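Trainee: For reference, this is protein11.cif, and it has mmCIF, C-alpha atoms.
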```cif
data_start
loop_
_atom_site.label_atom_id
_atom_site.label_comp_id
_atom_site.auth_asym_id
_atom_site.auth_seq_id
_atom_site.Cartn_x
_atom_site.Cartn_y
_atom_site.Cartn_z
CA MET A 1 51.09 -84.62 -5.46
CA ALA A 2 47.52 -83.38 -5.17
CA THR A 3 46.33 -80.98 -2.48
CA PHE A 4 43.38 -82.29 -0.49
CA VAL A 5 41.11 -80.89 2.16
CA THR A 6 39.64 -83.52 4.45
CA LEU A 7 36.85 -83.14 6.96
CA VAL A 8 36.79 -85.86 9.59
CA ARG A 9 33.29 -86.41 10.96
CA GLY A 10 32.63 -86.92 14.64
CA ILE A 11 35.88 -86.30 16.50
CA ASN A 12 36.37 -83.80 19.32
CA VAL A 13 32.65 -82.98 19.51
CA ALA A 14 31.70 -81.70 22.97
CA GLY A 15 34.63 -83.56 24.49
CA ALA A 16 33.65 -86.93 23.02
CA ARG A 17 35.80 -89.11 20.75
CA PRO A 18 38.99 -87.11 21.36
CA LEU A 19 41.78 -87.07 18.81
CA ARG A 20 44.47 -84.46 19.23
CA MET A 21 45.37 -82.59 16.07
CA GLU A 22 49.07 -83.40 16.54
CA ALA A 23 48.18 -87.10 16.47
CA LEU A 24 45.88 -86.60 13.48
CA ARG A 25 48.60 -84.77 11.56
CA GLY A 26 50.96 -87.63 12.43
CA LEU A 27 48.50 -90.13 10.95
CA TYR A 28 48.49 -88.20 7.68
CA GLU A 29 52.29 -88.03 7.66
CA GLY A 30 52.33 -91.80 8.25
CA LEU A 31 50.29 -92.13 5.05
CA GLY A 32 53.01 -90.27 3.17
CA CYS A 33 51.19 -86.93 3.08
CA ARG A 34 53.25 -83.77 3.03
CA ASN A 35 52.68 -80.19 4.14
CA VAL A 36 50.02 -81.43 6.62
CA ARG A 37 48.15 -78.60 8.32
CA SER A 38 45.11 -78.77 10.59
CA TYR A 39 42.57 -76.07 11.27
CA LEU A 40 40.83 -75.82 14.62
CA GLN A 41 40.29 -78.96 16.72
CA SER A 42 37.53 -80.57 14.69
CA GLY A 43 39.26 -82.73 12.11
CA ASN A 44 39.95 -80.24 9.32
CA VAL A 45 43.17 -81.10 7.48
CA VAL A 46 44.85 -79.72 4.38
CA CYS A 47 47.69 -81.77 2.90
CA GLU A 48 49.43 -82.98 -0.20
CA ALA A 49 48.96 -86.67 -0.99
CA GLY A 50 50.26 -89.03 -3.64
CA VAL A 51 46.81 -90.34 -4.59
CA ARG A 52 44.68 -88.56 -7.17
CA GLU A 53 41.15 -89.56 -6.18
CA PRO A 54 39.48 -87.92 -3.18
CA ALA A 55 37.61 -91.14 -2.32
CA ALA A 56 40.87 -93.12 -2.15
CA HIS A 57 42.44 -90.47 0.07
CA ALA A 58 39.37 -90.41 2.36
CA ALA A 59 39.39 -94.21 2.65
CA ALA A 60 43.08 -94.26 3.56
CA VAL A 61 42.54 -91.62 6.24
CA GLN A 62 39.53 -93.53 7.66
CA ARG A 63 41.55 -96.74 7.85
CA ALA A 64 44.48 -94.97 9.52
CA ILE A 65 42.26 -93.35 12.15
CA LEU A 66 40.62 -96.68 12.92
CA SER A 67 43.94 -98.51 13.07
CA GLU A 68 45.91 -95.92 15.02
CA ALA A 69 43.27 -94.19 17.16
CA GLY A 70 40.58 -96.87 17.35
CA LEU A 71 37.91 -94.47 16.08
CA GLU A 72 35.51 -95.40 13.33
CA VAL A 73 34.89 -92.18 11.41
CA SER A 74 33.65 -90.91 8.09
CA VAL A 75 35.84 -88.58 6.06
CA ALA A 76 34.91 -86.13 3.33
CA ALA A 77 37.82 -85.38 1.00
CA LEU A 78 37.94 -82.71 -1.68
CA THR A 79 40.69 -81.49 -3.93
CA ALA A 80 41.75 -77.89 -3.41
CA ARG A 81 40.18 -77.06 -6.76
CA ALA A 82 36.88 -78.69 -5.79
CA LEU A 83 36.73 -76.72 -2.54
CA THR A 84 37.38 -73.49 -4.46
CA GLY A 85 34.42 -74.51 -6.63
CA VAL A 86 32.26 -75.04 -3.54
CA VAL A 87 33.09 -71.58 -2.25
CA ALA A 88 32.36 -70.00 -5.64
CA ALA A 89 29.10 -71.94 -6.08
CA ASN A 90 27.39 -71.00 -2.80
CA PRO A 91 23.99 -69.77 -4.01
CA LEU A 92 23.20 -68.15 -0.67
CA ILE A 93 26.15 -65.73 -0.66
CA GLY A 94 25.26 -62.24 -1.73
CA ARG A 95 21.59 -62.40 -0.89
CA ARG A 96 20.66 -59.18 0.88
CA SER A 97 18.97 -60.94 3.76
CA VAL A 98 21.78 -63.44 4.39
CA ASP A 99 24.32 -62.85 7.17
CA PRO A 100 27.41 -64.94 6.26
CA GLY A 101 27.92 -65.65 9.96
CA PHE A 102 24.96 -68.04 9.80
CA LEU A 103 25.99 -69.93 6.64
CA HIS A 104 27.11 -73.55 6.76
CA ALA A 105 28.11 -76.23 4.28
CA THR A 106 27.16 -79.86 4.81
CA PHE A 107 29.39 -82.20 2.83
CA LEU A 108 27.70 -85.46 1.88
CA ILE A 109 30.02 -88.45 2.10
CA GLY A 110 29.46 -91.23 -0.39
CA ALA A 111 29.46 -92.10 -4.05
CA ARG A 112 25.84 -91.44 -4.93
CA SER A 113 24.37 -88.08 -5.89
CA PRO A 114 21.33 -87.53 -3.69
CA SER A 115 18.53 -85.14 -4.47
CA LEU A 116 16.16 -83.09 -2.36
CA ASP A 117 13.37 -83.65 -4.88
CA GLY A 118 10.22 -84.69 -3.07
CA ILE A 119 11.66 -83.98 0.38
CA ARG A 120 9.82 -81.47 2.51
CA LEU A 121 12.55 -79.84 4.56
CA PRO A 122 11.74 -78.95 8.19
CA LEU A 123 12.94 -75.38 7.74
CA GLY A 124 12.72 -73.00 10.67
CA PRO A 125 11.98 -69.28 10.31
CA GLY A 126 14.35 -67.72 7.77
CA GLU A 127 16.21 -70.97 7.10
CA ASP A 128 17.19 -72.16 3.65
CA ALA A 129 18.95 -75.21 2.21
CA VAL A 130 20.24 -75.73 -1.33
CA LEU A 131 21.90 -78.94 -2.56
CA LEU A 132 24.51 -78.61 -5.29
CA ASP A 133 26.97 -81.34 -6.31
CA GLY A 134 26.99 -83.19 -3.00
CA VAL A 135 27.15 -80.10 -0.80
CA LEU A 136 24.21 -78.68 1.12
CA PHE A 137 24.45 -74.94 1.52
CA LEU A 138 22.57 -74.01 4.69
CA TYR A 139 21.40 -70.74 6.13
CA CYS A 140 20.45 -71.01 9.80
CA PRO A 141 19.82 -67.46 11.09
CA ASN A 142 18.87 -68.78 14.54
CA GLY A 143 22.06 -70.83 14.80
CA TYR A 144 23.04 -74.32 13.70
CA GLY A 145 22.68 -75.73 17.20
CA GLY A 146 18.90 -75.43 17.15
CA THR A 147 18.10 -76.21 13.54
CA ARG A 148 16.35 -79.36 12.40
CA ILE A 149 18.23 -79.31 9.06
CA ASN A 150 21.37 -80.83 10.54
CA ASN A 151 23.67 -83.80 9.89
CA ALA A 152 21.33 -86.30 11.54
CA TYR A 153 18.36 -85.14 9.47
CA PHE A 154 20.16 -85.27 6.13
CA GLU A 155 21.85 -88.58 6.92
CA ARG A 156 18.43 -90.09 7.67
CA VAL A 157 16.52 -88.76 4.66
CA LEU A 158 19.34 -89.05 2.10
CA SER A 159 20.92 -92.29 3.39
CA VAL A 160 24.44 -90.84 3.33
CA ARG A 161 26.96 -89.73 5.93
CA ALA A 162 27.40 -85.98 6.33
CA THR A 163 29.66 -83.49 8.05
CA THR A 164 28.96 -79.79 8.47
CA ARG A 165 31.28 -76.82 8.78
CA ASN A 166 30.43 -73.18 9.28
CA TRP A 167 31.16 -70.93 6.33
CA ARG A 168 34.10 -69.22 8.03
CA THR A 169 35.80 -72.61 8.41
CA VAL A 170 35.03 -73.55 4.79
CA THR A 171 36.56 -70.35 3.45
CA ALA A 172 39.58 -70.63 5.78
CA LEU A 173 40.24 -74.17 4.54
CA GLU A 174 39.89 -73.03 0.95
CA ARG A 175 42.50 -70.30 1.53
CA MET A 176 44.81 -72.81 3.21
CA ALA A 177 44.43 -75.17 0.25
CA ARG A 178 45.50 -72.34 -2.06
CA GLY A 179 48.57 -71.74 0.10
CA GLU A 180 47.32 -68.66 1.93
CA ALA A 181 47.09 -68.21 5.68
CA ALA A 182 43.78 -69.17 7.26
#
```
Could you quickly redo this structure as structure tokens?
Mentor:
Amino acid sequence: MATFVTLVRGINVAGARPLRMEALRGLYEGLGCRNVRSYLQSGNVVCEAGVREPAAHAAAVQRAILSEAGLEVSVAALTARALTGVVAANPLIGRRSVDPGFLHATFLIGARSPSLDGIRLPLGPGEDAVLLDGVLFLYCPNGYGGTRINNAYFERVLSVRATTRNWRTVTALERMARGEAA
């Protein structure tokens, strides 16, 4: 079985589209997943699944959520190894002027490999965005809530679905996927 990390987009946001984590874990177990663990209340799940391809796992989770909870969602799925690669590849980590508390990762959902070439990003003061292998690494020193480089912006200009997690959540999920405590 492969270990996957899935990020469900658009549930439990500001009280809208509720899906309890117990129910979400149950959906995964119904798909035959084992060692199902959730992190926080925002659709972050680490599990072992019998499929090998992240896209197949994401599609199965999407179908189960629609069928069982009546919610149409998008799901980003990564292998544990891929998420470790994301953590290691963050080009913004280690910069002297970067406070890790303001780092985020936006995971682009879809088969194509978009590019930021030719796109003039609406960066606020001190903000930065770097796209590597389907993940946007964001630095939002004034907070993610007020930035213009958010899911809606990237979904519009790149024509893909996206889901964002703060860096603390990304690293906690990566540790969980390696079998450590979050």
Trainee: Could you please determine the separation between atom CA of Ala172 of chain A and atom CA of Ser74 of chain A in Å, to one decimal place?
Mentor: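 One can read the atom CA of Ala172 of chain A to atom CA of Ser74 of chain A distance as 21.3 Å.
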Trainee: Tell me which of A:Phe154, A:Phe107, A:Tyr144, A:Phe137 sits closest to Asn90 of chain A, counting all atoms listed in the file.
Mentor: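 Looking only at the distances to Asn90 of chain A, the closest residue turns out to be A:Phe137.
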Trainee: For the file shown, report as a PDB file with C-alpha atoms, in the coordinates of the input the outcome of the PyMOL selection byres ((chain A and resi 87) around 9) at residue level.
Mentor:
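Result went into selection06.pdb, see below:
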```pdb
ATOM      1  CA  ALA A  82      36.880 -78.690  -5.790  1.00  0.00           C
ATOM      2  CA  LEU A  83      36.730 -76.720  -2.540  1.00  0.00           C
ATOM      3  CA  THR A  84      37.380 -73.490  -4.460  1.00  0.00           C
ATOM      4  CA  GLY A  85      34.420 -74.510  -6.630  1.00  0.00           C
ATOM      5  CA  VAL A  86      32.260 -75.040  -3.540  1.00  0.00           C
ATOM      6  CA  ALA A  88      32.360 -70.000  -5.640  1.00  0.00           C
ATOM      7  CA  ALA A  89      29.100 -71.940  -6.080  1.00  0.00           C
ATOM      8  CA  ASN A  90      27.390 -71.000  -2.800  1.00  0.00           C
ATOM      9  CA  TRP A 167      31.160 -70.930   6.330  1.00  0.00           C
ATOM     10  CA  VAL A 170      35.030 -73.550   4.790  1.00  0.00           C
ATOM     11  CA  THR A 171      36.560 -70.350   3.450  1.00  0.00           C
ATOM     12  CA  GLU A 174      39.890 -73.030   0.950  1.00  0.00           C
TER      13      GLU A 174
END
```
Trainee: Any chance you could resolve the PyMOL selection byres ((chain A and resi 52) around 12) against this file and give the residues as a PyMOL selection string?
Mentor: chain A and resi 1-4+48-51+53-58+77-80
Trainee: By how many Å are atom CA of Ala76 of chain A and atom CA of Leu7 of chain A apart?
Mentor: 5.1 Å
Trainee: How far is it from atom CA of Val45 of chain A to atom CA of Gly70 of chain A, in Å with one decimal?
Mentor: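 A separation of 18.8 Å between them.
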Trainee: Step by step, work through what the PyMOL selection byres ((chain A and resi 165) around 12) selects in the shown file, and finish by giving those residues as an mmCIF file with C-alpha atoms, in the frame of the given file.
Mentor:
```
data_model
loop_
_atom_site.group_PDB
_atom_site.id
_atom_site.type_symbol
_atom_site.label_atom_id
_atom_site.label_comp_id
_atom_site.auth_asym_id
_atom_site.auth_seq_id
_atom_site.Cartn_x
_atom_site.Cartn_y
_atom_site.Cartn_z
ATOM 1 C CA THR A 6 39.640 -83.520 4.450
ATOM 2 C CA LEU A 7 36.850 -83.140 6.960
ATOM 3 C CA VAL A 8 36.790 -85.860 9.590
ATOM 4 C CA ARG A 9 33.290 -86.410 10.960
ATOM 5 C CA GLY A 10 32.630 -86.920 14.640
ATOM 6 C CA TYR A 39 42.570 -76.070 11.270
ATOM 7 C CA LEU A 40 40.830 -75.820 14.620
ATOM 8 C CA SER A 42 37.530 -80.570 14.690
ATOM 9 C CA GLY A 43 39.260 -82.730 12.110
ATOM 10 C CA ASN A 44 39.950 -80.240 9.320
ATOM 11 C CA ALA A 76 34.910 -86.130 3.330
ATOM 12 C CA GLY A 101 27.920 -65.650 9.960
ATOM 13 C CA PHE A 102 24.960 -68.040 9.800
ATOM 14 C CA LEU A 103 25.990 -69.930 6.640
ATOM 15 C CA HIS A 104 27.110 -73.550 6.760
ATOM 16 C CA ALA A 105 28.110 -76.230 4.280
ATOM 17 C CA THR A 106 27.160 -79.860 4.810
ATOM 18 C CA PHE A 107 29.390 -82.200 2.830
ATOM 19 C CA LEU A 108 27.700 -85.460 1.880
ATOM 20 C CA VAL A 135 27.150 -80.100 -0.800
ATOM 21 C CA LEU A 136 24.210 -78.680 1.120
ATOM 22 C CA PHE A 137 24.450 -74.940 1.520
ATOM 23 C CA LEU A 138 22.570 -74.010 4.690
ATOM 24 C CA TYR A 139 21.400 -70.740 6.130
ATOM 25 C CA TYR A 144 23.040 -74.320 13.700
ATOM 26 C CA ASN A 150 21.370 -80.830 10.540
ATOM 27 C CA ASN A 151 23.670 -83.800 9.890
ATOM 28 C CA ALA A 162 27.400 -85.980 6.330
ATOM 29 C CA THR A 163 29.660 -83.490 8.050
ATOM 30 C CA THR A 164 28.960 -79.790 8.470
ATOM 31 C CA ASN A 166 30.430 -73.180 9.280
ATOM 32 C CA TRP A 167 31.160 -70.930 6.330
ATOM 33 C CA ARG A 168 34.100 -69.220 8.030
ATOM 34 C CA THR A 169 35.800 -72.610 8.410
ATOM 35 C CA VAL A 170 35.030 -73.550 4.790
ATOM 36 C CA THR A 171 36.560 -70.350 3.450
ATOM 37 C CA ALA A 172 39.580 -70.630 5.780
ATOM 38 C CA LEU A 173 40.240 -74.170 4.540
#
```
Trainee: Out of A:Gly118, A:Leu123, A:Gly30, A:Ser113, which residue has the shortest atom-to-atom distance to Ser67 of chain A when counting only C-alpha atoms?
Mentor: A:Gly30
Trainee: Tell me, as a short mmCIF file (atom, residue, chain, number, x, y, z; two decimals) with C-alpha atoms, in the frame of the given file, which residues lie within 10 Å of Arg17 of chain A, counting only C-alpha atoms; anything in the same chain fewer than 5 positions away does not count.
Mentor:
```
data_model
loop_
_atom_site.label_atom_id
_atom_site.label_comp_id
_atom_site.auth_asym_id
_atom_site.auth_seq_id
_atom_site.Cartn_x
_atom_site.Cartn_y
_atom_site.Cartn_z
CA GLY A 10 32.63 -86.92 14.64
CA ILE A 11 35.88 -86.30 16.50
CA ASN A 12 36.37 -83.80 19.32
CA ALA A 69 43.27 -94.19 17.16
CA GLY A 70 40.58 -96.87 17.35
CA LEU A 71 37.91 -94.47 16.08
CA GLU A 72 35.51 -95.40 13.33
CA VAL A 73 34.89 -92.18 11.41
#
```
Trainee: Given the choices A:Val98, A:Ala152, A:Leu19, A:Val160, which gets closest to Pro114 of chain A if the distance is worked out from all atoms listed in the file?
Mentor: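 Comparing A:Val98, A:Ala152, A:Leu19, A:Val160 against Pro114 of chain A, the winner is A:Val160.
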Trainee: For the point (45.6, -88.8, 16.4) in the file's frame, write as a ChimeraX atom specification all residues with an atom no more than 10 Å away, counting only C-alpha atoms.
Mentor: /A:18-28,43,64-66,68-71
Trainee: Between A:Arg156, A:Arg148, A:Arg178, A:Arg81, single out the one closest to Asp128 of chain A, counting all atoms listed in the file.
Mentor: A:Arg148
Trainee: Give me segment 22-56 of chain A with N, CA and C atoms filled in, as a JSON list (two decimals), keeping the file's coordinate frame.
Mentor:
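part-v3.json was written with the following content:
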```
[["chain", "number", "residue", "atom", "x", "y", "z"],
["A", 22, "GLU", "N", 47.69, -82.95, 16.77],
["A", 22, "GLU", "CA", 49.07, -83.40, 16.54],
["A", 22, "GLU", "C", 49.08, -84.88, 16.12],
["A", 23, "ALA", "N", 48.27, -85.67, 16.81],
["A", 23, "ALA", "CA", 48.18, -87.10, 16.47],
["A", 23, "ALA", "C", 47.55, -87.28, 15.09],
["A", 24, "LEU", "N", 46.52, -86.49, 14.79],
["A", 24, "LEU", "CA", 45.88, -86.60, 13.48],
["A", 24, "LEU", "C", 46.86, -86.23, 12.37],
["A", 25, "ARG", "N", 47.60, -85.15, 12.56],
["A", 25, "ARG", "CA", 48.60, -84.77, 11.56],
["A", 25, "ARG", "C", 49.63, -85.89, 11.39],
["A", 26, "GLY", "N", 50.01, -86.51, 12.50],
["A", 26, "GLY", "CA", 50.96, -87.63, 12.43],
["A", 26, "GLY", "C", 50.42, -88.81, 11.63],
["A", 27, "LEU", "N", 49.12, -89.06, 11.75],
["A", 27, "LEU", "CA", 48.50, -90.13, 10.95],
["A", 27, "LEU", "C", 48.63, -89.84, 9.45],
["A", 28, "TYR", "N", 48.37, -88.60, 9.08],
["A", 28, "TYR", "CA", 48.49, -88.20, 7.68],
["A", 28, "TYR", "C", 49.93, -88.35, 7.20],
["A", 29, "GLU", "N", 50.88, -87.91, 8.03],
["A", 29, "GLU", "CA", 52.29, -88.03, 7.66],
["A", 29, "GLU", "C", 52.66, -89.51, 7.51],
["A", 30, "GLY", "N", 52.10, -90.37, 8.36],
["A", 30, "GLY", "CA", 52.33, -91.80, 8.25],
["A", 30, "GLY", "C", 51.80, -92.40, 6.95],
["A", 31, "LEU", "N", 50.83, -91.71, 6.35],
["A", 31, "LEU", "CA", 50.29, -92.13, 5.05],
["A", 31, "LEU", "C", 51.11, -91.60, 3.89],
["A", 32, "GLY", "N", 52.16, -90.84, 4.21],
["A", 32, "GLY", "CA", 53.01, -90.27, 3.17],
["A", 32, "GLY", "C", 52.59, -88.88, 2.73],
["A", 33, "CYS", "N", 51.64, -88.29, 3.43],
["A", 33, "CYS", "CA", 51.19, -86.93, 3.08],
["A", 33, "CYS", "C", 52.26, -85.93, 3.49],
["A", 34, "ARG", "N", 52.30, -84.84, 2.75],
["A", 34, "ARG", "CA", 53.25, -83.77, 3.03],
["A", 34, "ARG", "C", 52.51, -82.46, 3.27],
["A", 35, "ASN", "N", 53.23, -81.53, 3.88],
["A", 35, "ASN", "CA", 52.68, -80.19, 4.14],
["A", 35, "ASN", "C", 51.32, -80.31, 4.85],
["A", 36, "VAL", "N", 51.26, -81.13, 5.89],
["A", 36, "VAL", "CA", 50.02, -81.43, 6.62],
["A", 36, "VAL", "C", 49.74, -80.30, 7.60],
["A", 37, "ARG", "N", 48.57, -79.70, 7.44],
["A", 37, "ARG", "CA", 48.15, -78.60, 8.32],
["A", 37, "ARG", "C", 46.73, -78.86, 8.79],
["A", 38, "SER", "N", 46.48, -78.62, 10.08],
["A", 38, "SER", "CA", 45.11, -78.77, 10.59],
["A", 38, "SER", "C", 44.56, -77.39, 10.91],
["A", 39, "TYR", "N", 43.24, -77.32, 10.95],
["A", 39, "TYR", "CA", 42.57, -76.07, 11.27],
["A", 39, "TYR", "C", 41.54, -76.34, 12.36],
["A", 40, "LEU", "N", 41.67, -75.64, 13.45],
["A", 40, "LEU", "CA", 40.83, -75.82, 14.62],
["A", 40, "LEU", "C", 41.03, -77.23, 15.19],
["A", 41, "GLN", "N", 40.15, -77.66, 16.05],
["A", 41, "GLN", "CA", 40.29, -78.96, 16.72],
["A", 41, "GLN", "C", 39.22, -79.95, 16.27],
["A", 42, "SER", "N", 38.67, -79.75, 15.07],
["A", 42, "SER", "CA", 37.53, -80.57, 14.69],
["A", 42, "SER", "C", 37.76, -81.43, 13.45],
["A", 43, "GLY", "N", 39.00, -81.79, 13.18],
["A", 43, "GLY", "CA", 39.26, -82.73, 12.11],
["A", 43, "GLY", "C", 39.33, -82.14, 10.72],
["A", 44, "ASN", "N", 39.77, -80.90, 10.62],
["A", 44, "ASN", "CA", 39.95, -80.24, 9.32],
["A", 44, "ASN", "C", 41.43, -80.30, 8.97],
["A", 45, "VAL", "N", 41.76, -80.95, 7.85],
["A", 45, "VAL", "CA", 43.17, -81.10, 7.48],
["A", 45, "VAL", "C", 43.35, -80.76, 6.01],
["A", 46, "VAL", "N", 44.42, -80.02, 5.74],
["A", 46, "VAL", "CA", 44.85, -79.72, 4.38],
["A", 46, "VAL", "C", 46.22, -80.38, 4.21],
["A", 47, "CYS", "N", 46.41, -81.10, 3.12],
["A", 47, "CYS", "CA", 47.69, -81.77, 2.90],
["A", 47, "CYS", "C", 47.90, -82.05, 1.42],
["A", 48, "GLU", "N", 49.11, -82.49, 1.13],
["A", 48, "GLU", "CA", 49.43, -82.98, -0.20],
["A", 48, "GLU", "C", 49.57, -84.49, -0.10],
["A", 49, "ALA", "N", 48.94, -85.20, -1.02],
["A", 49, "ALA", "CA", 48.96, -86.67, -0.99],
["A", 49, "ALA", "C", 49.29, -87.21, -2.38],
["A", 50, "GLY", "N", 49.85, -88.40, -2.39],
["A", 50, "GLY", "CA", 50.26, -89.03, -3.64],
["A", 50, "GLY", "C", 49.12, -89.62, -4.44],
["A", 51, "VAL", "N", 47.95, -89.80, -3.84],
["A", 51, "VAL", "CA", 46.81, -90.34, -4.59],
["A", 51, "VAL", "C", 46.15, -89.21, -5.37],
["A", 52, "ARG", "N", 45.36, -89.57, -6.36],
["A", 52, "ARG", "CA", 44.68, -88.56, -7.17],
["A", 52, "ARG", "C", 43.19, -88.44, -6.86],
["A", 53, "GLU", "N", 42.59, -89.53, -6.40],
["A", 53, "GLU", "CA", 41.15, -89.56, -6.18],
["A", 53, "GLU", "C", 40.80, -89.22, -4.74],
["A", 54, "PRO", "N", 39.90, -88.27, -4.53],
["A", 54, "PRO", "CA", 39.48, -87.92, -3.18],
["A", 54, "PRO", "C", 38.94, -89.12, -2.38],
["A", 55, "ALA", "N", 38.19, -89.99, -3.03],
["A", 55, "ALA", "CA", 37.61, -91.14, -2.32],
["A", 55, "ALA", "C", 38.71, -92.07, -1.81],
["A", 56, "ALA", "N", 39.76, -92.27, -2.58],
["A", 56, "ALA", "CA", 40.87, -93.12, -2.15],
["A", 56, "ALA", "C", 41.60, -92.48, -0.97]]
```
